[in-house]
Amino acid sequence: MKREVKGICKIAAKGRVYWYAWRGGPRLRGEEGSAEFWQSYNEAIADRQMPDKSKFRALVADYRGSKYYDKLAASTKSKWAPWLDRIGAYFGVLSIAQFNRPERIRPIIRTWRNRYADTPRTADYGFGVLSRVLSHGVEVGKLASNPCDGIKQLYTSNRADIVWTDSDIISIKRTCSPEIAWAVDLAAYTGLRQGDLLALNWSHIGEDVIVIATSKSRYTREAAVPI
């Protein structure tokens, strides 16, 4: 009898086919469709739904069910979800207690991060998601500290070429309209992001200070700029 189950992942490599309970999940045993195959699938699903609370996969599941994850934007969740699957698959069988030994766990974290080192920004993005899960562990009292702290990112950038200097500002003011000059000054003096500058209106302007809820914080934090 055939069963149609969504989510099972099929990987072909070196002439062989491997099956996983889900993308990034545990590998299934036995031949496709066999009793052993479905038994291993059911075990994986049960373990995913009710993981051993001493294992790291339980911390990943706890973070996924937290109010902090729930408050993330839908676009952020869509990017983080695959990384949480990868993190759970790689670190899941380790005990949470092992993450309280930074000198032992940091080399393992680096090894995992370096699997994606060909694209440093991607590697750092996944590393950031792992760090957030570990910070959650600290917040809920499962960990004494975040072992990701102190591990340097792979990607570095030099933003000097996009920083406007005084001479750049003088140069544009020679030819631009007065309105553009005011906009340039407003950006330079406030340091606000473009979206916040475009949203700025007179209701944000106080007697001594400009106060505006910032878009980056999803309007939960305010920037206060002295006039």
# chains A, B, ... in the order shown; residues from 1 in each chain; ligands from 1
call {"tool": "residues_around", "arguments": {"residues": "Tyr90 of chain A", "least_positions_apart": "2", "cutoff": "12 Å", "atoms": "only C-alpha atoms", "output": "PyMOL selection string"}}
result
chain A and resi 24-27+55-57+60+83-88+92-94+108-109+111-113+115+130
call {"tool": "select_by_dssp", "arguments": {"residues": "segment 61-211 of chain A", "states": "alpha helix (DSSP H)", "output": "ChimeraX atom specification"}}
result
/A:61-64,67-70,74-91,102-113,120-139,166-173,178-190,194-199
call {"tool": "residues_around", "arguments": {"residues": "Thr119 of chain A", "least_positions_apart": "5", "cutoff": "10 Å", "atoms": "only C-alpha atoms", "output": "PyMOL selection string"}}
result
chain A and resi 114+124+154-155
call {"tool": "residues_around", "arguments": {"residues": "Ser66 of chain A", "least_positions_apart": "5", "cutoff": "12 Å", "atoms": "only C-alpha atoms", "output": "ChimeraX atom specification"}}
result
/A:59-61,71-72,133,136-137,139-140
call {"tool": "write_last_selection", "arguments": {"atoms": "N, CA and C atoms", "output": "PDB file, in the first residue's frame"}}
result
ATOM      1  N   LEU A  59      15.195  22.791  22.709  1.00  0.00           N
ATOM      2  CA  LEU A  59      15.378  24.240  22.838  1.00  0.00           C
ATOM      3  C   LEU A  59      14.973  24.949  21.553  1.00  0.00           C
ATOM      4  N   VAL A  60      15.298  24.337  20.408  1.00  0.00           N
ATOM      5  CA  VAL A  60      14.882  24.898  19.108  1.00  0.00           C
ATOM      6  C   VAL A  60      13.353  24.936  19.028  1.00  0.00           C
ATOM      7  N   ALA A  61      12.709  23.845  19.437  1.00  0.00           N
ATOM      8  CA  ALA A  61      11.245  23.792  19.418  1.00  0.00           C
ATOM      9  C   ALA A  61      10.655  24.811  20.377  1.00  0.00           C
ATOM     10  N   LYS A  71       6.549  37.072  17.232  1.00  0.00           N
ATOM     11  CA  LYS A  71       6.503  38.497  16.906  1.00  0.00           C
ATOM     12  C   LYS A  71       7.315  38.852  15.658  1.00  0.00           C
ATOM     13  N   LEU A  72       8.103  37.894  15.154  1.00  0.00           N
ATOM     14  CA  LEU A  72       8.894  38.172  13.959  1.00  0.00           C
ATOM     15  C   LEU A  72       7.972  38.407  12.764  1.00  0.00           C
ATOM     16  N   VAL A 133      18.778  31.449  19.022  1.00  0.00           N
ATOM     17  CA  VAL A 133      18.240  30.299  19.761  1.00  0.00           C
ATOM     18  C   VAL A 133      18.985  30.143  21.089  1.00  0.00           C
ATOM     19  N   HIS A 136      17.934  32.696  23.524  1.00  0.00           N
ATOM     20  CA  HIS A 136      16.654  32.269  24.100  1.00  0.00           C
ATOM     21  C   HIS A 136      16.905  31.273  25.234  1.00  0.00           C
ATOM     22  N   GLY A 137      17.885  30.379  25.031  1.00  0.00           N
ATOM     23  CA  GLY A 137      18.233  29.435  26.084  1.00  0.00           C
ATOM     24  C   GLY A 137      18.691  30.123  27.353  1.00  0.00           C
ATOM     25  N   GLU A 139      17.763  33.221  28.191  1.00  0.00           N
ATOM     26  CA  GLU A 139      16.587  33.927  28.714  1.00  0.00           C
ATOM     27  C   GLU A 139      15.667  33.016  29.515  1.00  0.00           C
ATOM     28  N   VAL A 140      15.554  31.753  29.109  1.00  0.00           N
ATOM     29  CA  VAL A 140      14.649  30.823  29.812  1.00  0.00           C
ATOM     30  C   VAL A 140      15.371  30.009  30.874  1.00  0.00           C
TER      31      VAL A 140
END
call {"tool": "residues_around", "arguments": {"residues": "segment 192-199 of chain A", "least_positions_apart": "2", "cutoff": "7 Å", "atoms": "only C-alpha atoms", "output": "ChimeraX atom specification"}}
result
/A:187,190,201,214-215
call {"tool": "write_last_selection", "arguments": {"atoms": "N, CA and C atoms", "output": "PDB file, in the first residue's frame"}}
result
ATOM      1  N   ALA A 187      19.144  64.385   6.287  1.00  0.00           N
ATOM      2  CA  ALA A 187      19.711  63.033   6.389  1.00  0.00           C
ATOM      3  C   ALA A 187      21.041  63.048   7.137  1.00  0.00           C
ATOM      4  N   THR A 190      20.452  64.055  11.051  1.00  0.00           N
ATOM      5  CA  THR A 190      19.629  63.161  11.894  1.00  0.00           C
ATOM      6  C   THR A 190      20.157  61.726  11.905  1.00  0.00           C
ATOM      7  N   ASN A 201       7.126  63.782   9.406  1.00  0.00           N
ATOM      8  CA  ASN A 201       6.202  64.901   9.189  1.00  0.00           C
ATOM      9  C   ASN A 201       6.231  65.836  10.398  1.00  0.00           C
ATOM     10  N   THR A 214      10.765  54.075  14.704  1.00  0.00           N
ATOM     11  CA  THR A 214      11.571  53.626  13.573  1.00  0.00           C
ATOM     12  C   THR A 214      10.994  52.386  12.901  1.00  0.00           C
ATOM     13  N   SER A 215      11.113  52.351  11.584  1.00  0.00           N
ATOM     14  CA  SER A 215      10.589  51.215  10.817  1.00  0.00           C
ATOM     15  C   SER A 215      11.403  49.946  11.061  1.00  0.00           C
TER      16      SER A 215
END
call {"tool": "select_by_dssp", "arguments": {"residues": "segment 33-210 of chain A", "states": "strand (DSSP E or B)", "output": "list of chain:residue names"}}
result
A:Lys55, A:Ser95, A:Ile205, A:Val209, A:Ile210
call {"tool": "residues_around", "arguments": {"residues": "segment 161-165 of chain A", "least_positions_apart": "3", "cutoff": "12 Å", "atoms": "only C-alpha atoms", "output": "PyMOL selection string"}}
result
chain A and resi 157-158+168-172+184-185+187-189+191
call {"tool": "atom_distance", "arguments": {"atom1": "atom CA of Gly150 of chain A", "atom2": "atom CA of Tyr69 of chain A"}}
result
23.9 Å
call {"tool": "residues_around", "arguments": {"residues": "Ser54 of chain A", "least_positions_apart": "3", "cutoff": "8 Å", "atoms": "only C-alpha atoms", "output": "list in words"}}
result
Ala58, Ser95, Ile96 and Ala97 of chain A
call {"tool": "write_last_selection", "arguments": {"atoms": "C-alpha atoms", "output": "tab-separated table (two decimals), in the first residue's frame"}}
result
chain	number	residue	atom	x	y	z
A	58	ALA	CA	13.88	20.76	22.43
A	95	SER	CA	22.37	17.75	25.15
A	96	ILE	CA	21.63	21.33	26.14
A	97	ALA	CA	24.21	20.90	28.92
call {"tool": "closest_residue", "arguments": {"among": "A:Val225, A:Ser167, A:Ile11, A:Asp118", "to": "Ile205 of chain A", "atoms": "only C-alpha atoms"}}
result
A:Val225
call {"tool": "atom_distance", "arguments": {"atom1": "atom CA of Leu143 of chain A", "atom2": "atom CA of Thr76 of chain A"}}
result
24.9 Å
